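Each remark here refers to the structure printed beneath this line.
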Amino acid sequence: MQKNYKILTLILAILMLHSCGTYRINKTAAFTKLTDLQTLSGTYIGKSEASSKNKNVSYLLKNFNIDSEKADFVNLIFEEPNIVKLNYLVDSKEGTVQREIVLKGERKEQFLEIYFSKQQSFVPLLYSKVNIKRIRIGQDKDGDLLIMDFYDYSGNFLFFGAGSDFEKACHYTKFDKQIGLFPDFKNGKWGFINGDKQEIISAKYDFAYAFANNAAKVKLNHKWRLIDSDGREITPIVYEVLTSDYVFQKQPVYLVEKNNKKGILDVQGNEIIPTVYDSIDRLYSPEFRLKLGDKFGLATKEKIIIPAIYDEVEYFGNSPYVVVKKNGNIYLVDKEGFEYKTEVTPLKDVLFKSQTHYYKPILTSKRKINLDEQFSK
């Protein structure tokens with residue numbers, strides 16, 4: 001009986017460890033032997049695109065638990081036995097500011113290991129809580145910087161577990177492998193140079209970001225604009241805010257702000273969504289919710305589908321229609337911008353036809369919504 005009790009206890013403990021995420025295999029096979037930590041030192045491109053090595057886009061500063069800032073290039077200085085220094089430039093209200101961060105870790109044979117959080121509470125068979133954020137920094141077989149980024153936020157009570165854990169490989173190349181033009185900061189101003197360090201676009205900007213999709217964001221006199229590789233301005237208008245939205249990796253858009261009004265530009269600098277809205281937020285990819293006064297609309301990266309004329313706007317999801325509300329009435333709007341009055345869907349259709357909402361359009365009431373309706377009183 002006592003033997004059976006011990007076996008049962010062991011099984012329960014294994015199940016609990018697995019349910020709370022503390023049971024895991026850490027990946028180290030991609031690292032090469034690291035004889036000298038200082039060989040990792042250098043200036044690295046701050047963003048790593050999705051590739052055969054990177055399953056997802058990675059950002060170097062985010063790996064180091066820095067979410068609030070962005071840098072195209074980050075200088076890493078490694079010192080034996082366990083130190084790494086980060087140096088990078090950021091834009092601020094005071095101008096270009098240099099950041100320096102010093103971190104200590106634990107030296108391993110193949111990598112430097114740094115924990116940003118390491119909390120584990122454990123009561124056998126009853127309770128556990130795990131909060132771990134860790135990186136391992138080394139070199140891959142191609143000589144590039146390899147960061148294994150790992151987190152585990154999980155726990156359990158008895159047999160009920162929740163949370164998640166994830167580990168991803170992030171590969172970064174050094175600055176000298178950069179092709180094309182890249183920003184250069186000298187004498188307090190930004191310009192662009194090529195791989196031979198020849199100045200191609202003169203240093204006159206207050207801040208500049210690297211080129212992406214044949215356009216670069218530059219700041220001059222507290223205003224942002226887009227320029228091409230010849231230094232020509234793509235955007236005829238300057239903005240107080242110009243932020244890249246990379247949810248659409250192949251064709252990103254820019255969220256812009258002028259005179260406290262928001263809009264959206266494409267990579268050619270065209271205003272897809274005019275800068276007239278009080279707010280634009282991502283509702284669900286690939287849709288944006290527009291707000292004008294106390295009314296709402298909906299747009300994609302190509303066009304406005306629904307002008308901001310409704311009291312409430314849901315999202316399309318997998319449905320060809322979106323539910324909207326105005327003056328207490330419920331309507332459906334399709335992806336071409338046609339509005340329909342509604343009637344309640346029979347319960348059998350909701351249950352057996354994967355209906356995503358409880359309404360269906362009255363097709364005879366179809367009308368095209370006019371964009372100017374959002375500006376009429």
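All residue names refer to the structure tokens as shown: chains lettered A, B, ... in order, residues numbered from 1 in each chain, ligands numbered from 1 in order.
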
Quiz prompt | Which of segment 129-299 of chain A DSSP labels strand (DSSP E or B), written as a PyMOL selection string | solution = chain A and resi 129-139+145-157+160-172+174+182-186+189-193+199-205+207-208+212+215-220+223-227+233+239+241-245+253-258+261-265+271-277+279-284+287-292+295-299

Exercise. Just the residues within 9 Å of segment 201-209 of chain A, please, counting only C-alpha atoms, with nothing from its chain fewer than 2 positions along; format it as a PyMOL selection string.
Key: chain A and resi 71-72+90-91+95-96+182-193+199+211-212+216-222+229-231

Self-check item: Test item: residues at most 10 Å from Val241 of chain A, only C-alpha atoms, excluding those fewer than 6 positions along its chain, as an NGL selection string
Solution: :A and (219 or 222-225 or 254-260 or 262)

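Taking atom CA of Leu292 of chain A and atom CA of Pro252 of chain A as endpoints, the distance between them is 23.8 Å.
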